[in-house]
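Undergrad: mmCIF, C-alpha atoms, pLDDT in the B column; chains and numbers go by the auth columns, file query_29.cif:
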```
data_data
loop_
_atom_site.group_PDB
_atom_site.id
_atom_site.type_symbol
_atom_site.label_atom_id
_atom_site.label_comp_id
_atom_site.label_asym_id
_atom_site.label_seq_id
_atom_site.Cartn_x
_atom_site.Cartn_y
_atom_site.Cartn_z
_atom_site.B_iso_or_equiv
_atom_site.auth_seq_id
_atom_site.auth_asym_id
ATOM 1 C CA MET A 1 -9.567 16.369 3.897 67.00 4 A
ATOM 2 C CA SER A 2 -9.746 12.618 3.673 80.00 5 A
ATOM 3 C CA ARG A 3 -7.507 9.649 3.152 92.00 6 A
ATOM 4 C CA VAL A 4 -7.652 8.656 -0.513 96.00 7 A
ATOM 5 C CA TYR A 5 -6.385 5.758 -2.599 98.00 8 A
ATOM 6 C CA LEU A 6 -5.363 6.741 -6.126 98.00 9 A
ATOM 7 C CA ASP A 7 -6.265 4.181 -8.766 97.00 10 A
ATOM 8 C CA THR A 8 -4.129 3.788 -11.865 96.00 11 A
ATOM 9 C CA ASN A 9 -6.481 5.564 -14.250 93.00 12 A
ATOM 10 C CA TYR A 10 -6.240 8.818 -12.286 94.00 13 A
ATOM 11 C CA LEU A 11 -2.425 8.740 -12.211 96.00 14 A
ATOM 12 C CA PHE A 12 -2.285 7.756 -15.886 95.00 15 A
ATOM 13 C CA GLY A 13 -4.188 10.931 -16.711 91.00 16 A
ATOM 14 C CA LEU A 14 -1.977 12.957 -14.404 91.00 17 A
ATOM 15 C CA MET A 15 1.170 11.678 -16.136 93.00 18 A
ATOM 16 C CA ARG A 16 -0.168 12.009 -19.694 90.00 19 A
ATOM 17 C CA GLN A 17 -2.099 15.257 -19.681 81.00 20 A
ATOM 18 C CA THR A 18 -1.003 18.844 -19.280 70.00 21 A
ATOM 19 C CA GLU A 19 -3.198 21.760 -18.272 67.00 22 A
ATOM 20 C CA GLN A 20 -3.488 22.597 -21.972 71.00 23 A
ATOM 21 C CA SER A 21 -4.175 19.090 -23.289 77.00 24 A
ATOM 22 C CA ALA A 22 -6.454 17.751 -20.556 78.00 25 A
ATOM 23 C CA PRO A 23 -10.199 17.723 -21.134 84.00 26 A
ATOM 24 C CA ALA A 24 -12.179 20.029 -18.847 86.00 27 A
ATOM 25 C CA GLU A 25 -13.787 16.982 -17.188 86.00 28 A
ATOM 26 C CA TYR A 26 -10.381 15.652 -16.143 86.00 29 A
ATOM 27 C CA LEU A 27 -9.229 19.055 -14.860 88.00 30 A
ATOM 28 C CA TYR A 28 -12.393 19.346 -12.760 90.00 31 A
ATOM 29 C CA TRP A 29 -11.837 15.818 -11.432 91.00 32 A
ATOM 30 C CA ARG A 30 -8.253 16.672 -10.542 90.00 33 A
ATOM 31 C CA GLU A 31 -9.366 19.808 -8.668 92.00 34 A
ATOM 32 C CA ARG A 32 -11.888 17.772 -6.663 93.00 35 A
ATOM 33 C CA VAL A 33 -9.264 15.145 -5.853 94.00 36 A
ATOM 34 C CA GLU A 34 -6.699 17.731 -4.752 92.00 37 A
ATOM 35 C CA ALA A 35 -9.305 19.425 -2.549 91.00 38 A
ATOM 36 C CA GLU A 36 -10.198 16.097 -0.949 89.00 39 A
ATOM 37 C CA ILE A 37 -6.553 15.175 -0.357 91.00 40 A
ATOM 38 C CA GLY A 38 -5.635 18.522 1.159 87.00 41 A
ATOM 39 C CA SER A 39 -2.349 18.092 2.993 85.00 42 A
ATOM 40 C CA ASP A 40 -2.738 14.322 3.474 90.00 43 A
ATOM 41 C CA ARG A 41 -0.589 11.836 1.590 94.00 44 A
ATOM 42 C CA PRO A 42 -2.559 9.773 -0.919 97.00 45 A
ATOM 43 C CA LEU A 43 -2.178 6.011 -0.858 97.00 46 A
ATOM 44 C CA ILE A 44 -1.178 3.826 -3.796 98.00 47 A
ATOM 45 C CA SER A 45 -0.061 0.212 -4.023 98.00 48 A
ATOM 46 C CA ALA A 46 2.587 -1.683 -5.941 97.00 49 A
ATOM 47 C CA LEU A 47 -0.277 -2.819 -8.172 97.00 50 A
ATOM 48 C CA VAL A 48 -0.853 0.823 -9.179 98.00 51 A
ATOM 49 C CA VAL A 49 2.835 1.244 -10.046 97.00 52 A
ATOM 50 C CA ASP A 50 2.785 -1.992 -12.063 97.00 53 A
ATOM 51 C CA GLU A 51 -0.325 -1.031 -14.021 97.00 54 A
ATOM 52 C CA LEU A 52 0.859 2.536 -14.539 98.00 55 A
ATOM 53 C CA ALA A 53 4.252 1.502 -15.901 98.00 56 A
ATOM 54 C CA TYR A 54 2.655 -1.064 -18.217 98.00 57 A
ATOM 55 C CA ARG A 55 0.030 1.358 -19.566 96.00 58 A
ATOM 56 C CA LEU A 56 2.559 4.152 -20.028 97.00 59 A
ATOM 57 C CA VAL A 57 5.055 1.937 -21.860 98.00 60 A
ATOM 58 C CA LEU A 58 2.301 0.900 -24.273 97.00 61 A
ATOM 59 C CA ALA A 59 1.228 4.540 -24.691 96.00 62 A
ATOM 60 C CA TRP A 60 4.813 5.627 -25.341 97.00 63 A
ATOM 61 C CA LEU A 61 5.169 2.914 -27.977 97.00 64 A
ATOM 62 C CA ARG A 62 1.985 4.150 -29.664 96.00 65 A
ATOM 63 C CA ASP A 63 3.247 7.750 -29.405 94.00 66 A
ATOM 64 C CA SER A 64 6.378 6.698 -31.281 95.00 67 A
ATOM 65 C CA GLY A 65 4.247 5.362 -34.133 96.00 68 A
ATOM 66 C CA ASP A 66 4.005 1.694 -33.166 96.00 69 A
ATOM 67 C CA ALA A 67 0.541 0.615 -34.312 96.00 70 A
ATOM 68 C CA ALA A 68 0.979 -2.801 -32.682 97.00 71 A
ATOM 69 C CA ALA A 69 2.326 -1.680 -29.301 97.00 72 A
ATOM 70 C CA LEU A 70 1.016 -4.656 -27.347 96.00 73 A
ATOM 71 C CA ALA A 71 2.448 -7.165 -29.827 97.00 74 A
ATOM 72 C CA THR A 72 5.776 -5.327 -29.806 97.00 75 A
ATOM 73 C CA PHE A 73 5.851 -5.344 -26.018 97.00 76 A
ATOM 74 C CA ARG A 74 5.033 -9.054 -25.793 97.00 77 A
ATOM 75 C CA ARG A 75 7.502 -10.009 -28.521 97.00 78 A
ATOM 76 C CA SER A 76 10.406 -7.843 -27.335 96.00 79 A
ATOM 77 C CA THR A 77 9.845 -6.982 -23.677 97.00 80 A
ATOM 78 C CA VAL A 78 13.535 -6.683 -22.775 98.00 81 A
ATOM 79 C CA THR A 79 14.293 -4.422 -25.733 97.00 82 A
ATOM 80 C CA VAL A 80 11.226 -2.259 -25.105 97.00 83 A
ATOM 81 C CA MET A 81 11.919 -1.857 -21.388 97.00 84 A
ATOM 82 C CA LYS A 82 15.548 -0.912 -22.054 97.00 85 A
ATOM 83 C CA ARG A 83 14.394 1.559 -24.691 96.00 86 A
ATOM 84 C CA MET A 84 11.979 3.096 -22.166 97.00 87 A
ATOM 85 C CA ARG A 85 14.584 3.335 -19.388 97.00 88 A
ATOM 86 C CA GLY A 86 14.782 7.151 -19.521 97.00 89 A
ATOM 87 C CA ARG A 87 11.021 7.612 -19.603 97.00 90 A
ATOM 88 C CA LEU A 88 10.583 5.157 -16.736 97.00 91 A
ATOM 89 C CA ALA A 89 13.196 7.052 -14.719 97.00 92 A
ATOM 90 C CA GLY A 90 11.103 10.166 -15.288 96.00 93 A
ATOM 91 C CA LEU A 91 8.008 8.294 -14.112 97.00 94 A
ATOM 92 C CA TRP A 92 9.737 7.122 -10.921 97.00 95 A
ATOM 93 C CA LYS A 93 10.832 10.689 -10.200 96.00 96 A
ATOM 94 C CA ALA A 94 7.332 12.044 -10.856 95.00 97 A
ATOM 95 C CA LEU A 95 5.828 9.468 -8.487 96.00 98 A
ATOM 96 C CA ASP A 96 8.412 10.323 -5.829 95.00 99 A
ATOM 97 C CA ASN A 97 7.547 14.010 -6.204 94.00 100 A
ATOM 98 C CA LEU A 98 3.878 13.263 -5.496 93.00 101 A
ATOM 99 C CA ASP A 99 4.846 12.169 -1.963 91.00 102 A
ATOM 100 C CA LEU A 100 2.581 9.131 -1.951 96.00 103 A
ATOM 101 C CA ASP A 101 2.191 6.470 0.714 96.00 104 A
ATOM 102 C CA LEU A 102 2.696 2.906 -0.491 96.00 105 A
ATOM 103 C CA ALA A 103 0.227 0.376 0.887 96.00 106 A
ATOM 104 C CA PRO A 104 1.837 -2.705 2.379 93.00 107 A
ATOM 105 C CA SER A 105 0.657 -6.056 1.130 91.00 108 A
ATOM 106 C CA HIS A 106 -0.427 -8.454 3.834 93.00 109 A
ATOM 107 C CA LEU A 107 -2.229 -11.768 3.897 96.00 110 A
ATOM 108 C CA SER A 108 -5.259 -9.846 5.156 96.00 111 A
ATOM 109 C CA SER A 109 -5.209 -7.750 1.943 96.00 112 A
ATOM 110 C CA MET A 110 -5.479 -10.946 -0.045 97.00 113 A
ATOM 111 C CA HIS A 111 -8.379 -12.167 2.094 98.00 114 A
ATOM 112 C CA ILE A 112 -10.259 -8.892 1.638 98.00 115 A
ATOM 113 C CA ALA A 113 -9.653 -9.038 -2.124 98.00 116 A
ATOM 114 C CA GLN A 114 -10.864 -12.644 -2.263 98.00 117 A
ATOM 115 C CA SER A 115 -14.038 -11.650 -0.450 98.00 118 A
ATOM 116 C CA LEU A 116 -14.619 -8.704 -2.782 98.00 119 A
ATOM 117 C CA MET A 117 -14.232 -10.989 -5.792 98.00 120 A
ATOM 118 C CA SER A 118 -16.575 -13.691 -4.530 98.00 121 A
ATOM 119 C CA ASP A 119 -19.134 -11.583 -2.629 97.00 122 A
ATOM 120 C CA LEU A 120 -19.338 -8.452 -4.785 97.00 123 A
ATOM 121 C CA GLY A 121 -18.119 -9.811 -8.118 97.00 124 A
ATOM 122 C CA LEU A 122 -15.202 -7.412 -8.475 98.00 125 A
ATOM 123 C CA ALA A 123 -12.560 -8.262 -11.057 97.00 126 A
ATOM 124 C CA SER A 124 -9.302 -9.378 -9.465 97.00 127 A
ATOM 125 C CA ARG A 125 -7.325 -6.164 -9.970 96.00 128 A
ATOM 126 C CA ASP A 126 -10.232 -4.001 -8.800 97.00 129 A
ATOM 127 C CA ALA A 127 -10.605 -6.238 -5.762 98.00 130 A
ATOM 128 C CA PHE A 128 -6.954 -5.782 -4.824 98.00 131 A
ATOM 129 C CA HIS A 129 -7.126 -2.004 -5.319 98.00 132 A
ATOM 130 C CA ALA A 130 -10.204 -1.875 -3.085 98.00 133 A
ATOM 131 C CA ALA A 131 -8.583 -4.157 -0.505 98.00 134 A
ATOM 132 C CA TYR A 132 -5.545 -1.891 -0.243 98.00 135 A
ATOM 133 C CA ALA A 133 -7.834 1.130 0.117 98.00 136 A
ATOM 134 C CA VAL A 134 -9.892 -0.565 2.839 97.00 137 A
ATOM 135 C CA GLU A 135 -6.810 -1.739 4.726 96.00 138 A
ATOM 136 C CA GLY A 136 -5.277 1.711 4.346 96.00 139 A
ATOM 137 C CA ARG A 137 -8.339 3.209 6.055 96.00 140 A
ATOM 138 C CA CYS A 138 -9.168 5.300 3.031 96.00 141 A
ATOM 139 C CA ASP A 139 -12.452 7.165 2.817 93.00 142 A
ATOM 140 C CA TRP A 140 -12.258 7.468 -0.954 95.00 143 A
ATOM 141 C CA ILE A 141 -10.940 5.585 -3.929 98.00 144 A
ATOM 142 C CA VAL A 142 -10.109 7.942 -6.790 97.00 145 A
ATOM 143 C CA SER A 143 -11.064 6.071 -9.928 96.00 146 A
ATOM 144 C CA SER A 144 -13.176 6.199 -13.044 94.00 147 A
ATOM 145 C CA GLY A 145 -14.054 2.540 -12.419 95.00 148 A
ATOM 146 C CA ALA A 146 -17.705 2.220 -11.414 96.00 149 A
ATOM 147 C CA ALA A 147 -17.095 -1.253 -9.956 96.00 150 A
ATOM 148 C CA PHE A 148 -15.800 0.436 -6.804 98.00 151 A
ATOM 149 C CA ASP A 149 -19.297 1.812 -6.181 97.00 152 A
ATOM 150 C CA ARG A 150 -20.212 -1.692 -4.989 97.00 153 A
ATOM 151 C CA VAL A 151 -17.681 -1.612 -2.128 97.00 154 A
ATOM 152 C CA PRO A 152 -19.620 -0.445 0.942 96.00 155 A
ATOM 153 C CA GLN A 153 -16.493 0.546 2.895 95.00 156 A
ATOM 154 C CA LEU A 154 -15.429 3.084 0.233 96.00 157 A
ATOM 155 C CA ARG A 155 -16.773 6.068 -1.606 96.00 158 A
ATOM 156 C CA ARG A 156 -15.591 6.579 -5.167 97.00 159 A
ATOM 157 C CA LEU A 157 -14.405 9.950 -6.365 95.00 160 A
ATOM 158 C CA GLY A 158 -14.703 9.684 -10.126 94.00 161 A
ATOM 159 C CA PRO A 159 -14.756 12.092 -13.040 91.00 162 A
#
```
Can you present the structure in this file as structure tokens?
TA:
Amino acid sequence: MSRVYLDTNYLFGLMRQTEQSAPAEYLYWRERVEAEIGSDRPLISALVVDELAYRLVLAWLRDSGDAAALATFRRSTVTVMKRMRGRLAGLWKALDNLDLDLAPSHLSSMHIAQSLMSDLGLASRDAFHAAYAVEGRCDWIVSSGAAFDRVPQLRRLGP
């Protein structure tokens, strides 16, 4: 068992895929993640919640037949978010049921992220995810993003 930080792409898959619809690769990844977590509480950040909500709203728009989901979201954000209120409530409940720890954001998190951007060339969002994982004393970052392989303080548990 290890302390793990869950990146958005893992949770997106968890929220979107069922046992029947998930590819075998994702199911195997999920089994490995659950084995690594054991009885510990995984760590996420507000950035994960932000990205997850955004990606899910766009996916839900596409599911409803909107071929221009991003344009619709940008043009009518208030309307879209009100329309998604019920689905978002379901998301909040699902996240609560996962019993996750939420990483605090400190000035030191920003400094770590800045260093990861300038020294390792991580994109800004990846740098903040990694910074929260490092500050949260995580052994692993659960992500399909190979950029995290460049962070010496973390091991990546990917698909």
Undergrad: Check what the PyMOL selection byres ((chain A and resi 138-140) around 12) selects in the file above and give those residues as a PyMOL selection string.
TA: chain A and resi 5-9+44-48+104-116+131-137+141-144+156-158
Undergrad: Looking at A:Glu34, A:Glu39, A:Leu73, A:Leu17, which one is nearest to Leu94 of chain A, with distances taken over all atoms listed in the file?
TA: A:Leu17
Undergrad: Wanna dump the segment 75-156 of chain A-segment 51-71 of chain A contacts at 8 Å for me, each residue with its shortest atom pair and the distance in Å to one decimal, counting only C-alpha atoms, ordered by chain and number, as JSON lines?
TA:
```
{"residue": "A:Thr75", "atom": "CA", "partner": "A:Ala71", "partner_atom": "CA", "distance": 6.1}
{"residue": "A:Phe76", "atom": "CA", "partner": "A:Leu61", "partner_atom": "CA", "distance": 7.4}
{"residue": "A:Met84", "atom": "CA", "partner": "A:Val60", "partner_atom": "CA", "distance": 7.9}
{"residue": "A:Met87", "atom": "CA", "partner": "A:Val60", "partner_atom": "CA", "distance": 7.0}
{"residue": "A:Leu91", "atom": "CA", "partner": "A:Ala56", "partner_atom": "CA", "distance": 7.4}
{"residue": "A:Leu94", "atom": "CA", "partner": "A:Ala56", "partner_atom": "CA", "distance": 8.0}
{"residue": "A:His132", "atom": "CA", "partner": "A:Val51", "partner_atom": "CA", "distance": 7.9}
```
Undergrad: Okay, now the selection with C-alpha atoms, as a compact mmCIF listing (two decimals), keeping the file's coordinate frame?
TA:
```
# COMPACT_ATOMS: atom_id res chain seq x y z
CA THR A 75 5.78 -5.33 -29.81
CA PHE A 76 5.85 -5.34 -26.02
CA MET A 84 11.92 -1.86 -21.39
CA MET A 87 11.98 3.10 -22.17
CA LEU A 91 10.58 5.16 -16.74
CA LEU A 94 8.01 8.29 -14.11
CA HIS A 132 -7.13 -2.00 -5.32
```
Undergrad: Could you put an axis-aligned box around every listed atom of segment 75-92 of chain A, padded by 5 Å on each side, and send me its centre and edge lengths in Å to one decimal, as AutoDock Vina command-line options?
TA:
```
--center_x 10.3 --center_y -1.2 --center_z -22.3 --size_x 20.5 --size_y 27.6 --size_z 25.1
```
Undergrad: Ranking A:Ala130, A:Val154, A:Ala38, A:Leu160 by minimum distance to Leu50 of chain A and counting only C-alpha atoms, which one comes first?
TA: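 Of A:Ala130, A:Val154, A:Ala38, A:Leu160, the one nearest Leu50 of chain A is A:Ala130, counting only C-alpha atoms.
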Undergrad: Please report the interatomic distance between atom CA of Lys96 of chain A and atom CA of Arg35 of chain A in Å with one decimal.
TA: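 Taking atom CA of Lys96 of chain A as the start and atom CA of Arg35 of chain A as the end point, the length is 24.1 Å.
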Undergrad: Apply the PyMOL selection byres ((chain A and resi 149) around 12) to the displayed file and report the matching residues as a ChimeraX atom specification.
TA: /A:10,125-126,129,133,144-148,150-154,157-162
Undergrad: Using the selection just defined, write its residues with C-alpha atoms as a compact mmCIF listing (two decimals), in the frame of the given file.
TA:
```txt
# COMPACT_ATOMS: atom_id res chain seq x y z
CA ASP A 10 -6.26 4.18 -8.77
CA LEU A 125 -15.20 -7.41 -8.48
CA ALA A 126 -12.56 -8.26 -11.06
CA ASP A 129 -10.23 -4.00 -8.80
CA ALA A 133 -10.20 -1.88 -3.08
CA ILE A 144 -10.94 5.58 -3.93
CA VAL A 145 -10.11 7.94 -6.79
CA SER A 146 -11.06 6.07 -9.93
CA SER A 147 -13.18 6.20 -13.04
CA GLY A 148 -14.05 2.54 -12.42
CA ALA A 150 -17.10 -1.25 -9.96
CA PHE A 151 -15.80 0.44 -6.80
CA ASP A 152 -19.30 1.81 -6.18
CA ARG A 153 -20.21 -1.69 -4.99
CA VAL A 154 -17.68 -1.61 -2.13
CA LEU A 157 -15.43 3.08 0.23
CA ARG A 158 -16.77 6.07 -1.61
CA ARG A 159 -15.59 6.58 -5.17
CA LEU A 160 -14.40 9.95 -6.36
CA GLY A 161 -14.70 9.68 -10.13
CA PRO A 162 -14.76 12.09 -13.04
```
Undergrad: For the atom pair atom CA of Ala97 of chain A and atom CA of Met18 of chain A, what is the interatomic distance in Å to one decimal place?
TA: 8.1 Å
Undergrad: In Å, rounded to a single decimal, give me how far atom CA of Thr82 of chain A is from atom CA of Leu101 of chain A.
TA: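 Atom CA of Thr82 of chain A lies at a distance of 28.8 Å from atom CA of Leu101 of chain A.
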Undergrad: Hey, which of A:Asp43, A:Trp95, A:Leu103, A:Pro155 ends up closest to Leu123 of chain A? Count only C-alpha atoms.
TA: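 Going through A:Asp43, A:Trp95, A:Leu103, A:Pro155 one by one, the smallest distance to Leu123 of chain A is for A:Pro155.
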